[in-house]
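Have a look at data-v4.txt below; it lists compact mmCIF, C-alpha atoms and all ligand atoms.
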```txt
# COMPACT_ATOMS: atom_id res chain seq x y z
CA MET A 136 0.00 0.00 0.00
CA THR A 137 1.26 3.44 -0.82
CA THR A 138 1.95 5.55 2.24
CA TYR A 139 1.47 9.21 1.55
CA ILE A 140 3.67 11.42 3.60
CA ASN A 141 1.76 14.34 4.94
CA PRO A 142 1.38 15.76 8.37
CA GLY A 143 -2.32 16.45 7.88
CA LEU A 144 -3.50 12.99 8.84
CA VAL A 145 -7.19 13.73 8.51
CA LYS A 146 -8.62 10.53 7.11
CA THR A 147 -11.80 11.78 5.51
CA ASN A 148 -11.02 11.35 1.84
CA ARG A 149 -7.94 11.05 -0.32
CA ARG A 150 -7.39 14.75 -0.85
CA ASN A 151 -7.80 15.52 2.84
CA VAL A 152 -5.44 12.76 3.86
CA LEU A 153 -2.86 14.17 1.54
CA ARG A 154 -3.59 17.79 2.14
CA GLY A 155 -3.29 19.51 5.46
CA SER A 156 -1.70 22.81 4.65
CA LEU A 157 -4.88 24.81 4.13
CA LEU A 158 -7.02 23.06 6.69
CA ALA A 159 -6.64 24.76 10.02
CA GLY A 160 -7.06 21.62 12.04
CA ALA A 161 -4.78 19.56 9.88
CA ALA A 162 -2.10 22.24 9.86
CA ALA A 163 -2.19 22.34 13.64
CA ALA A 164 -1.44 18.62 13.53
CA VAL A 165 1.76 19.21 11.55
CA GLY A 166 3.91 19.25 14.64
CA GLY A 167 1.89 16.66 16.46
CA ALA A 168 1.89 14.03 13.74
CA ALA A 169 5.60 14.24 13.21
CA LEU A 170 6.71 14.94 16.72
CA ALA A 171 4.68 12.43 18.69
CA THR A 172 6.77 9.73 17.07
CA PRO A 173 9.09 7.86 19.46
CA VAL A 174 12.14 8.47 17.23
CA ARG A 175 12.11 12.17 18.09
CA LYS A 176 15.28 13.18 19.91
CA SER A 177 14.91 16.94 20.05
CA ALA A 178 12.57 19.24 21.93
CA PRO A 179 8.96 19.66 20.80
CA LEU A 180 8.41 22.19 18.04
CA ALA A 181 5.89 24.95 17.96
CA ALA A 182 2.90 23.83 15.90
CA PRO A 183 2.74 25.92 12.71
CA ARG A 184 -0.29 28.18 12.57
CA ALA A 185 -2.65 28.06 9.60
CA ALA A 186 -4.79 30.92 8.31
CA ALA A 187 -8.33 31.01 9.71
CA PRO A 188 -10.84 29.15 7.47
CA GLN A 189 -13.03 32.24 6.95
CA PHE A 190 -10.08 34.13 5.42
CA ILE A 191 -9.26 31.22 3.13
CA GLN A 192 -12.92 31.07 2.10
CA ALA A 193 -13.00 34.82 1.44
CA GLU A 194 -9.92 34.54 -0.79
CA ALA A 195 -11.51 31.70 -2.78
CA GLN A 196 -14.70 33.74 -3.15
CA ALA A 197 -12.75 36.78 -4.38
CA GLN A 198 -11.08 34.63 -7.04
CA ALA A 199 -14.39 33.08 -8.09
CA VAL A 200 -16.04 36.43 -8.83
CA ALA A 201 -13.02 38.24 -10.33
CA PRO A 202 -13.48 39.34 -13.97
CA LYS A 203 -11.65 37.36 -16.66
CA VAL A 204 -8.42 38.90 -17.91
CA ASP A 205 -8.11 39.86 -21.58
CA LEU A 206 -5.04 38.09 -23.00
CA SER A 207 -5.79 38.80 -26.66
CA GLY A 208 -2.69 40.98 -27.10
CA TYR A 209 -0.32 38.22 -26.07
CA THR A 210 1.40 35.59 -28.18
CA ARG A 211 2.13 32.16 -26.76
CA VAL A 212 5.57 30.56 -26.73
CA LYS A 213 6.89 27.40 -25.13
CA GLN A 214 10.08 27.53 -23.11
CA ASP A 215 11.97 24.25 -22.95
CA LEU A 216 13.48 24.12 -19.49
CA VAL A 217 16.97 22.67 -19.14
CA ALA A 218 18.91 21.24 -16.22
CA PRO A 219 21.28 23.49 -14.22
CA PRO A 220 23.84 25.03 -14.54
CA PHE A 221 22.43 25.88 -17.97
CA ALA A 222 19.81 28.43 -18.98
CA PRO A 223 16.93 28.03 -21.41
CA VAL A 224 17.16 29.65 -24.85
CA HIS A 225 16.14 33.29 -24.44
CA GLU A 226 16.54 36.85 -25.72
CA GLN A 227 18.47 39.29 -23.53
CA VAL A 228 16.56 42.19 -25.09
CA ALA A 229 12.95 41.42 -26.01
CA THR A 230 12.41 41.89 -29.74
CA SER A 231 8.61 41.75 -29.59
CA GLY A 232 5.72 42.46 -27.25
CA PRO A 233 4.75 40.64 -24.07
CA LYS A 234 4.19 36.89 -24.28
CA ILE A 235 2.62 34.05 -22.41
CA VAL A 236 5.56 31.76 -21.74
CA GLU A 237 4.43 28.17 -21.27
CA ILE A 238 6.57 25.91 -19.10
CA THR A 239 6.09 22.45 -17.61
CA MET A 240 7.52 21.09 -14.39
CA ASP A 241 7.21 17.59 -12.94
CA THR A 242 7.58 17.16 -9.17
CA LYS A 243 9.99 14.21 -9.25
CA GLU A 244 11.14 12.49 -6.06
CA VAL A 245 14.58 11.06 -6.84
CA LEU A 246 17.35 9.31 -4.90
CA LEU A 247 20.29 11.70 -5.17
CA THR A 248 23.89 11.01 -4.22
CA VAL A 249 25.06 14.08 -2.31
CA ASP A 250 28.66 12.90 -1.83
CA GLU A 251 29.85 9.69 -3.45
CA ASP A 252 32.95 9.62 -1.20
CA THR A 253 30.92 9.29 1.99
CA GLY A 254 27.78 7.58 0.71
CA ALA A 255 25.67 10.58 1.64
CA GLU A 256 22.37 10.39 -0.24
CA ILE A 257 18.92 11.87 -0.03
CA TRP A 258 15.50 11.22 -1.50
CA ALA A 259 15.48 14.63 -3.12
CA LEU A 260 12.21 16.41 -3.83
CA THR A 261 12.67 18.22 -7.13
CA TYR A 262 11.21 20.13 -10.00
CA ASN A 263 12.11 18.21 -13.17
CA GLY A 264 14.59 15.96 -11.34
CA SER A 265 17.35 18.46 -10.64
CA VAL A 266 18.60 20.41 -7.59
CA PRO A 267 18.06 23.30 -8.04
CA GLY A 268 14.97 23.16 -10.24
CA PRO A 269 15.30 24.61 -13.75
CA LEU A 270 15.95 28.30 -14.38
CA VAL A 271 12.99 30.07 -15.96
CA ILE A 272 13.65 33.25 -17.97
CA VAL A 273 11.01 35.75 -19.10
CA HIS A 274 10.80 39.50 -19.61
CA GLU A 275 8.99 42.06 -17.50
CA GLY A 276 5.34 42.14 -18.61
CA ASP A 277 5.33 38.52 -19.80
CA TYR A 278 3.15 35.86 -18.23
CA VAL A 279 4.54 32.59 -16.93
CA GLU A 280 2.05 29.79 -17.53
CA LEU A 281 3.15 26.74 -15.60
CA THR A 282 1.77 23.25 -15.93
CA LEU A 283 2.75 21.54 -12.69
CA ARG A 284 2.48 17.75 -12.74
CA ASN A 285 2.90 15.39 -9.80
CA PRO A 286 3.74 11.88 -11.10
CA VAL A 287 1.39 9.11 -10.04
CA ASP A 288 4.19 7.24 -8.24
CA SER A 289 5.09 10.19 -6.00
CA MET A 290 4.80 9.83 -2.25
CA MET A 291 3.94 13.44 -1.51
CA GLU A 292 1.84 16.47 -2.25
CA HIS A 293 3.75 19.38 -3.82
CA ASN A 294 3.09 22.94 -4.93
CA ILE A 295 5.10 26.02 -5.89
CA ASP A 296 5.57 29.51 -4.45
CA PHE A 297 7.10 31.92 -6.98
CA HIS A 298 8.67 34.90 -5.21
CA ALA A 299 8.49 36.73 -8.55
CA SER A 300 4.68 36.51 -8.61
CA THR A 301 1.90 38.38 -6.83
CA GLY A 302 -0.96 36.83 -4.84
CA ALA A 303 -2.14 33.51 -3.37
CA LEU A 304 1.08 32.78 -1.45
CA GLY A 305 3.09 33.22 -4.65
CA GLY A 306 0.84 30.68 -6.34
CA GLY A 307 1.37 28.23 -3.51
CA GLY A 308 -2.31 28.43 -2.59
CA LEU A 309 -3.42 27.50 -6.11
CA THR A 310 -0.97 24.76 -7.06
CA HIS A 311 -1.30 21.92 -4.52
CA VAL A 312 -1.01 18.77 -6.60
CA PHE A 313 -1.26 15.28 -5.22
CA PRO A 314 0.28 12.18 -6.81
CA GLY A 315 -1.35 11.71 -10.22
CA GLU A 316 -2.61 15.31 -10.48
CA GLU A 317 -1.65 18.33 -12.56
CA THR A 318 -2.58 21.99 -12.42
CA VAL A 319 -1.98 25.13 -14.51
CA LEU A 320 -1.07 28.50 -12.98
CA ARG A 321 -0.57 31.76 -14.88
CA TRP A 322 1.09 34.79 -13.30
CA LYS A 323 2.36 38.11 -14.62
CA ALA A 324 6.02 39.00 -14.21
CA THR A 325 5.75 42.58 -13.00
CA LYS A 326 9.04 42.87 -11.09
CA PRO A 327 12.33 42.59 -13.00
CA GLY A 328 15.02 40.63 -11.21
CA VAL A 329 16.09 37.16 -10.17
CA PHE A 330 13.80 35.43 -7.69
CA THR A 331 13.69 32.11 -5.95
CA TYR A 332 10.79 29.67 -6.17
CA HIS A 333 10.14 26.74 -3.89
CA CYS A 334 7.68 24.12 -2.72
CA ALA A 335 5.55 25.11 0.27
CA PRO A 336 2.98 22.41 1.09
CA GLY A 337 2.34 23.77 4.59
CA GLY A 338 3.72 23.66 8.13
CA ALA A 339 6.90 21.69 8.78
CA MET A 340 6.62 20.28 5.25
CA ILE A 341 7.74 23.67 3.92
CA PRO A 342 11.33 23.53 5.23
CA TYR A 343 11.35 19.75 4.74
CA HIS A 344 10.65 20.10 1.00
CA VAL A 345 12.91 23.14 0.56
CA THR A 346 15.86 21.43 2.27
CA HIS A 347 15.27 18.32 0.17
CA GLY A 348 16.06 20.34 -2.96
CA MET A 349 12.67 21.67 -4.00
CA ASN A 350 13.63 25.16 -5.12
CA GLY A 351 14.97 27.07 -8.09
CA ALA A 352 15.06 30.50 -9.73
CA VAL A 353 13.19 32.70 -12.18
CA MET A 354 14.91 35.58 -14.00
CA VAL A 355 12.64 38.40 -15.15
CA LEU A 356 14.72 40.54 -17.51
CA PRO A 357 13.83 44.17 -18.23
CA ARG A 358 12.39 44.23 -21.77
CA ASP A 359 15.37 46.30 -22.92
CA GLY A 360 17.87 44.11 -21.10
CA LEU A 361 20.26 44.63 -18.21
CA LYS A 362 21.76 48.07 -17.50
CA ASP A 363 24.67 49.41 -15.51
CA ARG A 364 24.07 52.15 -12.96
CA ASP A 365 24.44 54.82 -15.65
CA GLY A 366 21.85 53.16 -17.87
CA ASN A 367 24.29 51.63 -20.37
CA ALA A 368 23.41 48.20 -21.76
CA LEU A 369 25.02 45.16 -20.17
CA THR A 370 25.12 41.79 -21.94
CA TYR A 371 26.48 38.36 -21.15
CA ASP A 372 27.93 35.47 -23.14
CA HIS A 373 26.90 32.74 -20.71
CA ILE A 374 24.74 32.16 -17.68
CA ALA A 375 26.06 30.05 -14.82
CA TYR A 376 23.02 29.03 -12.79
CA ILE A 377 24.09 27.92 -9.35
CA GLY A 378 21.72 26.67 -6.67
CA GLU A 379 23.20 26.40 -3.22
CA GLN A 380 21.50 23.71 -1.16
CA ASP A 381 21.82 23.12 2.55
CA PHE A 382 21.12 19.47 3.36
CA TYR A 383 20.56 18.10 6.87
CA LEU A 384 21.23 14.38 6.52
CA PRO A 385 20.44 12.10 9.46
CA LEU A 386 23.26 10.01 10.92
CA ASP A 387 23.09 6.53 12.44
CA GLU A 388 24.59 5.55 15.80
CA ASN A 389 27.99 4.99 14.15
CA GLY A 390 28.01 8.44 12.63
CA ASP A 391 27.33 7.17 9.11
CA TYR A 392 24.71 8.70 6.85
CA LYS A 393 21.42 6.85 7.07
CA THR A 394 19.77 5.49 3.95
CA TYR A 395 16.07 5.14 3.24
CA GLU A 396 13.97 3.02 0.89
CA THR A 397 11.54 5.68 -0.27
CA ALA A 398 10.99 9.42 -0.40
CA GLY A 399 9.56 10.75 2.82
CA GLU A 400 10.78 7.86 5.00
CA ASP A 401 13.40 10.18 6.49
CA TYR A 402 10.80 12.69 7.68
CA ALA A 403 11.10 12.30 11.47
CA ASP A 404 14.91 11.96 11.37
CA SER A 405 15.13 14.97 9.05
CA ILE A 406 13.09 17.16 11.35
CA ASP A 407 15.56 16.37 14.15
CA ALA A 408 18.54 17.09 11.89
CA MET A 409 17.00 20.32 10.55
CA ARG A 410 16.34 21.57 14.08
CA THR A 411 20.07 21.79 14.70
CA LEU A 412 20.21 24.51 12.00
CA THR A 413 23.59 22.96 11.20
CA PRO A 414 23.71 21.53 7.71
CA THR A 415 25.72 18.38 7.02
CA HIS A 416 26.21 19.68 3.47
CA SER A 417 26.02 22.97 1.65
CA VAL A 418 26.48 22.10 -2.00
CA PHE A 419 26.16 23.70 -5.40
CA ASN A 420 23.76 22.01 -7.81
CA GLY A 421 22.85 19.07 -5.67
CA SER A 422 26.08 17.31 -4.82
CA VAL A 423 29.70 17.70 -3.83
CA GLY A 424 31.66 18.20 -7.05
CA ALA A 425 28.64 18.88 -9.26
CA LEU A 426 30.50 21.89 -10.71
CA THR A 427 34.15 20.89 -10.32
CA GLY A 428 36.54 18.56 -12.18
CA GLU A 429 34.93 17.29 -15.40
CA ASN A 430 31.81 19.25 -14.51
CA ALA A 431 33.59 22.61 -14.12
CA LEU A 432 32.01 25.65 -15.72
CA LYS A 433 33.84 26.86 -18.84
CA ALA A 434 34.63 30.33 -20.21
CA LYS A 435 37.22 32.19 -22.29
CA VAL A 436 39.17 35.35 -21.51
CA GLY A 437 37.04 38.28 -22.66
CA GLU A 438 33.74 36.46 -22.11
CA THR A 439 31.16 37.76 -19.69
CA VAL A 440 29.31 35.40 -17.41
CA LEU A 441 26.12 36.14 -15.49
CA MET A 442 26.30 34.12 -12.29
CA ILE A 443 22.83 33.52 -10.87
CA HIS A 444 22.96 32.26 -7.30
CA ASN A 445 19.84 30.82 -5.68
CA GLN A 446 19.48 29.99 -1.98
CA ALA A 447 15.90 29.35 -0.91
CA ASN A 448 16.59 28.72 2.77
CA ARG A 449 19.85 30.05 4.18
CA ASP A 450 22.18 33.04 3.88
CA THR A 451 25.33 32.73 1.81
CA ARG A 452 28.13 34.88 0.46
CA PRO A 453 29.43 33.99 -3.01
CA HIS A 454 32.98 34.94 -3.94
CA LEU A 455 34.86 34.31 -7.19
CA ILE A 456 38.45 33.62 -6.16
CA GLY A 457 40.70 35.58 -8.51
CA GLY A 458 37.85 37.65 -9.93
CA HIS A 459 35.12 40.04 -8.88
CA GLY A 460 31.49 40.91 -9.18
CA ASN A 461 31.75 43.67 -11.79
CA HIS A 462 28.03 44.39 -11.58
CA VAL A 463 26.07 42.77 -8.78
CA TRP A 464 22.38 42.72 -8.01
CA GLU A 465 22.86 40.95 -4.72
CA ALA A 466 19.26 41.28 -3.59
CA GLY A 467 18.14 40.28 -7.07
CA SER A 468 16.13 43.34 -8.16
CA PHE A 469 16.95 44.72 -11.63
CA SER A 470 14.93 47.82 -10.68
CA ASP A 471 17.91 48.83 -8.55
CA ALA A 472 21.28 49.92 -9.96
CA PRO A 473 23.87 47.17 -9.66
CA GLN A 474 26.71 47.49 -7.20
CA THR A 475 30.12 47.42 -8.83
CA GLY A 476 33.53 45.87 -8.21
CA LEU A 477 32.51 43.66 -5.30
CA GLU A 478 34.77 41.03 -3.77
CA SER A 479 31.94 39.00 -2.18
CA TRP A 480 28.21 39.50 -2.21
CA PHE A 481 25.44 38.48 0.12
CA ILE A 482 22.53 36.27 -0.90
CA ARG A 483 19.80 36.30 1.70
CA GLY A 484 18.16 32.97 2.44
CA GLY A 485 14.95 32.94 0.41
CA SER A 486 16.31 34.87 -2.54
CA ALA A 487 18.41 34.74 -5.66
CA GLY A 488 21.06 37.25 -6.76
CA ALA A 489 23.02 37.90 -9.92
CA ALA A 490 26.61 38.96 -10.59
CA LEU A 491 28.22 39.81 -13.91
CA TYR A 492 31.94 39.27 -14.52
CA THR A 493 34.19 39.47 -17.58
CA PHE A 494 37.17 37.13 -17.29
CA GLU A 495 40.55 38.81 -17.82
CA GLN A 496 42.97 35.98 -17.05
CA PRO A 497 43.02 32.28 -17.92
CA GLY A 498 43.13 29.57 -15.26
CA VAL A 499 40.93 27.87 -12.72
CA TYR A 500 38.75 30.13 -10.64
CA ALA A 501 37.04 28.73 -7.57
CA TYR A 502 33.55 30.09 -7.00
CA VAL A 503 32.76 29.54 -3.35
CA ASN A 504 30.57 30.33 -0.42
CA HIS A 505 33.16 32.45 1.40
CA ASN A 506 32.30 30.92 4.70
CA LEU A 507 35.32 28.80 3.80
CA ILE A 508 34.36 26.04 6.21
CA GLU A 509 31.24 25.57 4.13
CA ALA A 510 33.23 25.83 0.90
CA ALA A 511 35.95 23.35 1.85
CA LEU A 512 34.19 21.01 4.29
CA LEU A 513 30.51 21.11 3.34
CA GLY A 514 30.85 21.20 -0.45
CA ALA A 515 30.07 24.78 -1.50
CA THR A 516 32.70 25.06 -4.25
CA ALA A 517 32.43 25.34 -8.02
CA HIS A 518 35.18 25.88 -10.60
CA PHE A 519 35.34 28.04 -13.70
CA VAL A 520 38.01 26.85 -16.14
CA VAL A 521 38.97 29.83 -18.28
CA GLU A 522 41.01 29.60 -21.48
CA GLY A 523 43.03 32.43 -22.97
CA GLU A 524 46.27 34.34 -22.78
CA TRP A 525 47.82 35.39 -19.50
CA ASN A 526 48.19 39.14 -18.98
CA ASN A 527 51.40 39.98 -17.12
CA ALA A 528 50.24 43.57 -16.80
CA LEU A 529 47.61 42.36 -14.34
CA MET A 530 49.71 39.80 -12.43
CA GLU A 531 53.15 38.27 -12.75
CA GLN A 532 55.20 35.92 -10.63
CA VAL A 533 58.36 37.99 -10.31
CA VAL A 534 60.34 35.35 -8.38
CA ALA A 535 59.22 31.74 -8.15
CA PRO A 536 59.24 30.33 -4.61
CA LYS A 537 62.80 29.39 -3.58
CA SER A 538 64.85 29.06 -0.42
CA ILE A 539 65.49 32.26 1.44
CA GLU A 540 69.12 33.30 1.01
CA ALA A 541 70.94 33.56 4.30
CU CU B 601 7.27 19.57 -2.56
```

Hey, can you dump this file as structure tokens for me?
Ligand code: CU
Amino acid sequence: MTTYINPGLVKTNRRNVLRGSLLAGAAAAVGGAALATPVRKSAPLAAPRAAAPQFIQAEAQAQAVAPKVDLSGYTRVKQDLVAPPFAPVHEQVATSGPKIVEITMDTKEVLLTVDEDTGAEIWALTYNGSVPGPLVIVHEGDYVELTLRNPVDSMMEHNIDFHASTGALGGGGLTHVFPGEETVLRWKATKPGVFTYHCAPGGAMIPYHVTHGMNGAVMVLPRDGLKDRDGNALTYDHIAYIGEQDFYLPLDENGDYKTYETAGEDYADSIDAMRTLTPTHSVFNGSVGALTGENALKAKVGETVLMIHNQANRDTRPHLIGGHGNHVWEAGSFSDAPQTGLESWFIRGGSAGAALYTFEQPGVYAYVNHNLIEAALLGATAHFVVEGEWNNALMEQVVAPKSIEA
């Protein structure tokens, strides 16, 4: 028998068993259902509070009577989403009017190796199978029209909260899909910038899903493209889409990472591990080494890279060792002038940021979370391998290391 993992254990019908997030009573049971279990080792949690039913009803009523929107001026296009660190095909400057951009995401629950050296693995909760979920790119004034599908063999309910959108918990209130269901949500991109999106099924399931990989980024470009602080056009040759993920993997009594048979089986152990607020891993793009070695990001001297950094849960501080952030929108808003010439920049948990850099020297550049403990010990390191000619005018080894003469 399939066991659906949901804290709202209200056994009235299938949807209610699976749901929980919008039902006041079920949401109050979030803590109770998970925490009454004998495997709990940490202190009881506060039960998450749900919105009062009359307010939820009023919101549904307002949506039911709202006039239909006229979309006759829009053309429809499909955007084929691709796995990170890559970006979908897009225009930097829009060459035509606003569009309805159709995308599809499947909420796949996949067993992911976090670190093959230590056997660390997790039943990741994902959009389209990757951590982070795919990067979506539209222009200001476009609509995003998402078909969200939850495969029939999933264990859990999922939804999506787009920080770039307006209303209904970022769409979270309108996109709850249970195994074997799909839904379509359309929202207008009114704020230019880079924004995170994430799953938010309700209560303790929100951080559980987010720290199991269920997050990604949307970039809403100004229609006339990126600008420096003086209003001059900025362009890029490549996008490097980096999702930093904090994982909290449960350990067994020997200190080894625990393994589980199915998605969701780690729920009680995970809640205990998450409560420590101390991640076992902080990795780029799902696993240790996902963007190093053979998987390193590539560029050439003279090329400009837009580094998009997503962190849906926890603060971080990207730094490109040997380079800079020439233009940085660290809080993600393209309505604000970019900061310039930064050494490190701050990405608030629950946001995405963007940094533009033009490589001037060849070599290997480490792109790290400059909490260097997290970079070196928890996995938050990527590499850019840059080809081209060395410029001695910028740096030169005048004397190679040698013994000091007495
Ligand atoms: Cu989810």

Residue contacts of Phe481 (chain A) (8 Å, only C-alpha atoms) excluding same-chain residues fewer than 2 positions away, as number ranges by chain: A: 450-453, 465-466, 479, 483

Give me a file of those residues, with C-alpha atoms, as a PDB file, in the coordinates of the input.
```
ATOM      1  CA  ASP A 450      22.180  33.040   3.880  1.00  0.00           C
ATOM      2  CA  THR A 451      25.330  32.730   1.810  1.00  0.00           C
ATOM      3  CA  ARG A 452      28.130  34.880   0.460  1.00  0.00           C
ATOM      4  CA  PRO A 453      29.430  33.990  -3.010  1.00  0.00           C
ATOM      5  CA  GLU A 465      22.860  40.950  -4.720  1.00  0.00           C
ATOM      6  CA  ALA A 466      19.260  41.280  -3.590  1.00  0.00           C
ATOM      7  CA  SER A 479      31.940  39.000  -2.180  1.00  0.00           C
ATOM      8  CA  ARG A 483      19.800  36.300   1.700  1.00  0.00           C
TER       9      ARG A 483
END
```

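Reported to one decimal place, the separation of CA of Gly514 (chain A) from CA of Val418 (chain A) is 4.7 Å.
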
Write out as a tab-separated table the residues of region 269-318 of chain A that have any atom within 9 Å of an atom of region 348-362 of chain A, one row each with the nearest atom pair and its distance in Å to one decimal, counting all atoms listed in the file, sorted by chain and then rising number.
```
residue	atom	partner	partner_atom	distance
A:Pro269	CA	A:Gly351	CA	6.2
A:Leu270	CA	A:Ala352	CA	5.2
A:Val271	CA	A:Val353	CA	4.6
A:Ile272	CA	A:Met354	CA	4.8
A:Val273	CA	A:Val355	CA	5.0
A:His274	CA	A:Leu356	CA	4.6
A:Glu275	CA	A:Pro357	CA	5.3
A:Gly276	CA	A:Arg358	CA	8.0
A:Asp277	CA	A:Val355	CA	8.7
A:Ile295	CA	A:Asn350	CA	8.6
A:Phe297	CA	A:Val353	CA	8.0
A:His298	CA	A:Val353	CA	8.6
A:Ala299	CA	A:Val353	CA	7.2
```

Distance criterion (only C-alpha atoms): nearest to Pro497 (chain A) out of A:Met442, A:Ala434, A:His373, A:Glu540: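 Closest to Pro497 (chain A) of all the choices is A:Ala434.
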
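Distances to Asn294 (chain A) were evaluated for A:Leu206, A:Val520, A:Val319, A:Ala201 using all atoms listed in the file, and the minimum falls at A:Val319.
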
Given a cut-off of 10 Å, what residues near ligand CU 601 (chain B) show up using all atoms listed in the file, put as a PDB file with C-alpha atoms, in the coordinates of the input?
```pdb
ATOM      1  CA  THR A 242       7.580  17.160  -9.170  1.00  0.00           C
ATOM      2  CA  LYS A 243       9.990  14.210  -9.250  1.00  0.00           C
ATOM      3  CA  GLU A 244      11.140  12.490  -6.060  1.00  0.00           C
ATOM      4  CA  ALA A 259      15.480  14.630  -3.120  1.00  0.00           C
ATOM      5  CA  LEU A 260      12.210  16.410  -3.830  1.00  0.00           C
ATOM      6  CA  THR A 261      12.670  18.220  -7.130  1.00  0.00           C
ATOM      7  CA  TYR A 262      11.210  20.130 -10.000  1.00  0.00           C
ATOM      8  CA  ASN A 285       2.900  15.390  -9.800  1.00  0.00           C
ATOM      9  CA  MET A 291       3.940  13.440  -1.510  1.00  0.00           C
ATOM     10  CA  GLU A 292       1.840  16.470  -2.250  1.00  0.00           C
ATOM     11  CA  HIS A 293       3.750  19.380  -3.820  1.00  0.00           C
ATOM     12  CA  ASN A 294       3.090  22.940  -4.930  1.00  0.00           C
ATOM     13  CA  ILE A 295       5.100  26.020  -5.890  1.00  0.00           C
ATOM     14  CA  HIS A 311      -1.300  21.920  -4.520  1.00  0.00           C
ATOM     15  CA  VAL A 312      -1.010  18.770  -6.600  1.00  0.00           C
ATOM     16  CA  PHE A 313      -1.260  15.280  -5.220  1.00  0.00           C
ATOM     17  CA  HIS A 333      10.140  26.740  -3.890  1.00  0.00           C
ATOM     18  CA  CYS A 334       7.680  24.120  -2.720  1.00  0.00           C
ATOM     19  CA  ALA A 335       5.550  25.110   0.270  1.00  0.00           C
ATOM     20  CA  PRO A 336       2.980  22.410   1.090  1.00  0.00           C
ATOM     21  CA  GLY A 337       2.340  23.770   4.590  1.00  0.00           C
ATOM     22  CA  MET A 340       6.620  20.280   5.250  1.00  0.00           C
ATOM     23  CA  ILE A 341       7.740  23.670   3.920  1.00  0.00           C
ATOM     24  CA  PRO A 342      11.330  23.530   5.230  1.00  0.00           C
ATOM     25  CA  TYR A 343      11.350  19.750   4.740  1.00  0.00           C
ATOM     26  CA  HIS A 344      10.650  20.100   1.000  1.00  0.00           C
ATOM     27  CA  VAL A 345      12.910  23.140   0.560  1.00  0.00           C
ATOM     28  CA  HIS A 347      15.270  18.320   0.170  1.00  0.00           C
ATOM     29  CA  GLY A 348      16.060  20.340  -2.960  1.00  0.00           C
ATOM     30  CA  MET A 349      12.670  21.670  -4.000  1.00  0.00           C
ATOM     31  CA  ASN A 350      13.630  25.160  -5.120  1.00  0.00           C
TER      32      ASN A 350
END
```

For Asp401 (chain A), the nearest of the candidates A:Asn430, A:Trp258, A:Pro219, A:Asn504, counting only C-alpha atoms: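 Result for the nearest residue to Asp401 (chain A): A:Trp258.
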
Selected residue, from A:Met240, A:Val287, A:Ala510, A:Ala303, that lies nearest to Ala218 (chain A) when counting all atoms listed in the file: A:Met240

Interatomic distance (Å, one decimal) between CA of Asp471 (chain A) and CA of Gly457 (chain A): 26.4 Å

Gap from CA of Gly460 (chain A) to CA of Ala489 (chain A) - Å, one decimal: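 Between these atoms lies a distance of 9.0 Å.
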
Given all atoms listed in the file as the counted atoms, nearest of A:Val249, A:Ala181, A:Ala229, A:Ala186 to Thr394 (chain A):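 The closest residue to Thr394 (chain A) is A:Val249.
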
Residue nearest Ala368 (chain A) - candidates A:Trp525, A:Leu281, A:His462, A:Gln214, atoms counted: all atoms listed in the file: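 Smallest separation from Ala368 (chain A) among the options: A:His462.
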